[in-house]
Each structure stands twice: as C-alpha cells, then as structure tokens.
Amino acid sequence: MSRHTLIAATLVALVAASAGAQQAPAAKISKEEAALRATAKVNEDSARAIALKAVPGAKVKSAEIEKEKGKLIWSFDLTVAGKKGIDEVNVDAMTGKVIGKEHESDAKEAKEAKDEAKEKTAKPAAPKPATKKP
C-alpha cells in the first residue's frame, strides 16, 4: 500500500471515529417499555405526527407509551406558545386514532406529576396471608 493511500485511510478512520463519538447516546428504556413498543402497530414517530396535527402549532414536551384502561396508547404532552398549561393527546398505539385530547392547567399538570412520582416510589403492598377455612 502506498504511503498516500495509508494516510488517506487513516484520516478516513479518524473522521469516522470522531463522528461516531459525537452521536448522542440512545435513550435508555425499560424492558416493560420495550415490550409495549414491540406490541404497538403505530410507532412513536407516526403517533407524534398525529398528536401534533390534533393541536396545530404545538411542540412535544414529553411522550410515553403506556397501557391505560386496557388500551395501549401513546401519550403526548404538548405546549403551544402563548398558551398556559399543556394539551395532552392520547393516540391509540394499535389504530393511530386520537382517543383523548385534554387541556391541563399548570396546577393540574404539577399535581399529576407529583402523583406519578409518588406511585413510582411507593412500595407495593405486601400480600395478605392466606387463611385456612375449617
């Protein structure tokens, strides 16, 4: 291999390595969330587009996939410039249809976030001991 070819190959390798190092790490998701995503027929990007169409001029503040009332849904919290609070839009993860749209005030959103934090930190109740019948 000529010296120029070797130098060129080395430069290409260095550029490729530095480009890879600058990429943002993939978001870590739980096994439960991965399983829900695998079950969904509508992916997050498609559901996001549907939610944004339901609230023109909005930006996504947060998104999650979850089971709610037995349905697999994508839930998006959207903000609109100049409008207080958030618009929550729920998109059916199997059909892509908007199944819920609600405006939440800042106070209601804060209470909901507090309640969710409590649920995550709460310990599950210990099962009651079985009682024998005579």
# chains A, B, ... in the order shown; residues from 1 in each chain; ligands from 1
call {"tool": "residues_around", "arguments": {"residues": "Pro56 of chain A", "least_positions_apart": "5", "cutoff": "12 Å", "atoms": "only C-alpha atoms", "output": "mmCIF file with C-alpha atoms, in the first residue's frame"}}
result
data_model
loop_
_atom_site.group_PDB
_atom_site.id
_atom_site.type_symbol
_atom_site.label_atom_id
_atom_site.label_comp_id
_atom_site.auth_asym_id
_atom_site.auth_seq_id
_atom_site.Cartn_x
_atom_site.Cartn_y
_atom_site.Cartn_z
ATOM 1 C CA ALA A 49 -47.238 13.409 13.899
ATOM 2 C CA ILE A 50 -50.875 12.501 14.611
ATOM 3 C CA ALA A 51 -50.782 14.248 18.010
ATOM 4 C CA LEU A 78 -47.862 19.329 24.052
ATOM 5 C CA THR A 79 -47.163 23.003 24.617
ATOM 6 C CA VAL A 80 -48.345 25.907 22.493
ATOM 7 C CA ALA A 81 -46.518 29.238 22.564
ATOM 8 C CA ASP A 87 -52.548 19.764 25.896
#
call {"tool": "residues_around", "arguments": {"residues": "Ala113 of chain A", "least_positions_apart": "5", "cutoff": "12 Å", "atoms": "only C-alpha atoms", "output": "PyMOL selection string"}}
result
chain A and resi 62+77+104+106-108+118-120
call {"tool": "closest_residue", "arguments": {"among": "A:Val60, A:Ala117, A:Ala93, A:Ala110", "to": "Ser46 of chain A", "atoms": "only C-alpha atoms"}}
result
A:Ala93
call {"tool": "select_by_dssp", "arguments": {"residues": "segment 44-74 of chain A", "states": "strand (DSSP E or B)", "output": "list of chain:residue names"}}
result
A:Ala58, A:Lys59, A:Val60, A:Lys61, A:Ser62, A:Ala63, A:Glu64, A:Ile65, A:Glu66, A:Lys67, A:Glu68, A:Lys71, A:Leu72, A:Ile73, A:Trp74
call {"tool": "residues_around", "arguments": {"residues": "Thr39 of chain A", "least_positions_apart": "6", "cutoff": "10 Å", "atoms": "only C-alpha atoms", "output": "PDB file with C-alpha atoms, in the first residue's frame"}}
result
ATOM      1  CA  GLU A  33     -41.457  -0.031  27.726  1.00  0.00           C
ATOM      2  CA  LEU A  72     -52.074   0.590  24.547  1.00  0.00           C
ATOM      3  CA  ALA A  93     -50.983   2.616  19.524  1.00  0.00           C
ATOM      4  CA  MET A  94     -52.838  -0.029  17.532  1.00  0.00           C
TER       5      MET A  94
END
call {"tool": "residues_around", "arguments": {"residues": "Asn43 of chain A", "least_positions_apart": "5", "cutoff": "10 Å", "atoms": "only C-alpha atoms", "output": "MDAnalysis selection string"}}
result
chainID A and resid 37:38 48 65 74 93:94 96
